[in-house]
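See below for protein18.csv, which holds CSV, C-alpha atoms.
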```csv
chain,number,residue,atom,x,y,z
A,1023,MET,CA,-6.3,-23.3,-7.0
A,1024,LYS,CA,-4.3,-20.7,-5.0
A,1025,SER,CA,-5.3,-19.9,-1.4
A,1026,TYR,CA,-6.9,-16.6,-0.6
A,1027,LEU,CA,-6.0,-16.7,3.0
A,1028,ILE,CA,-4.3,-13.7,4.5
A,1029,SER,CA,-1.3,-15.9,5.6
A,1030,ASP,CA,-0.9,-17.1,2.0
A,1031,THR,CA,-1.1,-13.8,0.2
A,1032,THR,CA,0.6,-10.4,0.1
A,1033,LYS,CA,-1.3,-7.1,0.4
A,1034,GLU,CA,-0.8,-6.5,-3.3
A,1035,GLU,CA,-2.2,-9.9,-4.1
A,1036,ARG,CA,-5.2,-9.3,-1.9
A,1037,GLU,CA,-5.8,-5.9,-3.6
A,1038,GLN,CA,-5.8,-7.7,-6.9
A,1039,ILE,CA,-8.1,-10.5,-5.7
A,1040,VAL,CA,-10.7,-7.9,-4.6
A,1041,ALA,CA,-10.3,-5.8,-7.8
A,1042,ASP,CA,-10.7,-8.9,-10.0
A,1043,SER,CA,-13.8,-10.0,-8.0
A,1044,ILE,CA,-15.6,-6.6,-8.0
A,1045,GLY,CA,-14.6,-5.5,-11.5
A,1046,ASN,CA,-14.3,-1.8,-12.6
A,1047,ILE,CA,-15.2,0.1,-9.4
A,1048,SER,CA,-14.4,3.5,-10.9
A,1049,GLY,CA,-16.9,3.0,-13.6
A,1050,ALA,CA,-19.8,2.2,-11.3
A,1051,CYS,CA,-22.1,5.2,-11.1
A,1052,ASP,CA,-24.4,4.1,-8.4
A,1053,GLY,CA,-21.7,3.9,-5.7
A,1054,CYS,CA,-22.4,0.2,-5.0
A,1055,ALA,CA,-19.1,-1.2,-6.2
A,1056,ALA,CA,-17.1,1.5,-4.3
A,1057,GLY,CA,-19.0,0.4,-1.2
A,1058,LEU,CA,-18.0,-3.2,-1.8
A,1059,ALA,CA,-14.4,-2.1,-2.1
A,1060,GLU,CA,-14.6,-0.5,1.3
A,1061,MET,CA,-16.3,-3.6,2.7
A,1062,TYR,CA,-13.2,-5.6,1.8
A,1063,GLN,CA,-10.6,-3.2,3.1
A,1064,ASP,CA,-10.1,-5.2,6.3
A,1065,TYR,CA,-9.1,-8.2,4.1
A,1066,ILE,CA,-6.8,-6.1,2.0
A,1067,ASP,CA,-5.1,-4.8,5.2
A,1068,GLY,CA,-4.8,-8.3,6.6
A,1069,LYS,CA,-7.2,-7.8,9.5
A,1070,ARG,CA,-10.1,-10.2,8.6
A,1071,GLU,CA,-10.4,-13.1,6.2
A,1072,LEU,CA,-12.8,-13.0,3.2
A,1073,ARG,CA,-15.0,-15.7,4.8
A,1074,ALA,CA,-15.6,-13.5,7.9
A,1075,ILE,CA,-16.5,-10.5,5.8
A,1076,ASN,CA,-18.8,-12.4,3.6
A,1077,MET,CA,-20.5,-14.1,6.5
A,1078,GLU,CA,-21.1,-10.8,8.2
A,1079,PHE,CA,-22.6,-9.3,5.0
A,1080,GLN,CA,-24.8,-12.3,4.5
A,1081,ALA,CA,-26.1,-12.2,8.1
A,1082,ARG,CA,-27.0,-8.5,7.6
A,1083,TYR,CA,-28.8,-9.3,4.4
A,1084,VAL,CA,-30.8,-12.2,5.8
A,1085,SER,CA,-31.6,-10.4,9.1
A,1086,GLY,CA,-32.7,-7.2,7.3
A,1087,LYS,CA,-30.3,-5.0,9.2
A,1088,GLN,CA,-29.3,-1.9,7.2
A,1089,GLY,CA,-25.8,-1.9,5.7
A,1090,PRO,CA,-23.9,1.2,4.6
A,1091,ASP,CA,-25.7,3.7,2.5
A,1092,LYS,CA,-25.1,3.8,-1.2
A,1093,GLY,CA,-23.7,6.9,-2.7
A,1094,THR,CA,-24.8,8.5,-6.0
A,1095,CYS,CA,-22.9,10.0,-8.8
A,1096,GLY,CA,-25.3,12.9,-9.2
A,1097,TYR,CA,-27.4,11.4,-12.0
A,1098,GLN,CA,-31.1,11.1,-11.3
```

Write the structure described by the file as structure tokens, please.
Amino acid sequence: MKSYLISDTTKEEREQIVADSIGNISGACDGCAAGLAEMYQDYIDGKRELRAINMEFQARYVSGKQGPDKGTCGYQ
């Protein structure tokens, strides 16, 4: 298995890792997948590891703190 660490990947590889993990973000109408893509931007930019981002997200989920608001595509 290939390492996902920032030190072992290029920015292009990190973009592909996130894209492969999230799926088709442009086809998501509820805005949720686009929010996930933004959440992983620090990883793509080489600022924070996936583990740190996922741990922060999980801590917010467990604690009940609000995360970013979901957008909508205009359909009700």

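Candidate residues A:Tyr1062, A:Arg1070, A:Met1077, A:Met1023 were compared for distance to Ser1043 in chain A, and the nearest is A:Tyr1062, using all atoms listed in the file.
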
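CA of Ser1029 in chain A is found 25.2 Å from CA of Ala1081 in chain A.
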
Pick from A:Asp1042, A:Glu1034, A:Lys1024, A:Gln1080: nearest to Gly1068 in chain A, with only C-alpha atoms counted?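 Looking at the shortest contact to Gly1068 in chain A, the residue is A:Glu1034.
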
Asn1076 in chain A: which residues within 12 Å, counting all atoms listed in the file, same-chain residues fewer than 5 positions away excluded, as a count of residues only? 10

Quick one: everything within 10 Å of Gln1063 in chain A, counting only C-alpha atoms, minus sequence neighbours fewer than 4 positions away in the same chain. Send it as a PyMOL selection string. chain A and resi 1036-1037+1040+1058-1059+1067-1070+1075

Identify which of the residues A:Gln1038, A:Tyr1026, A:Thr1032, A:Gly1045 lies closest to Leu1072 in chain A, counting all atoms listed in the file when measuring atom-to-atom distances. A:Tyr1026
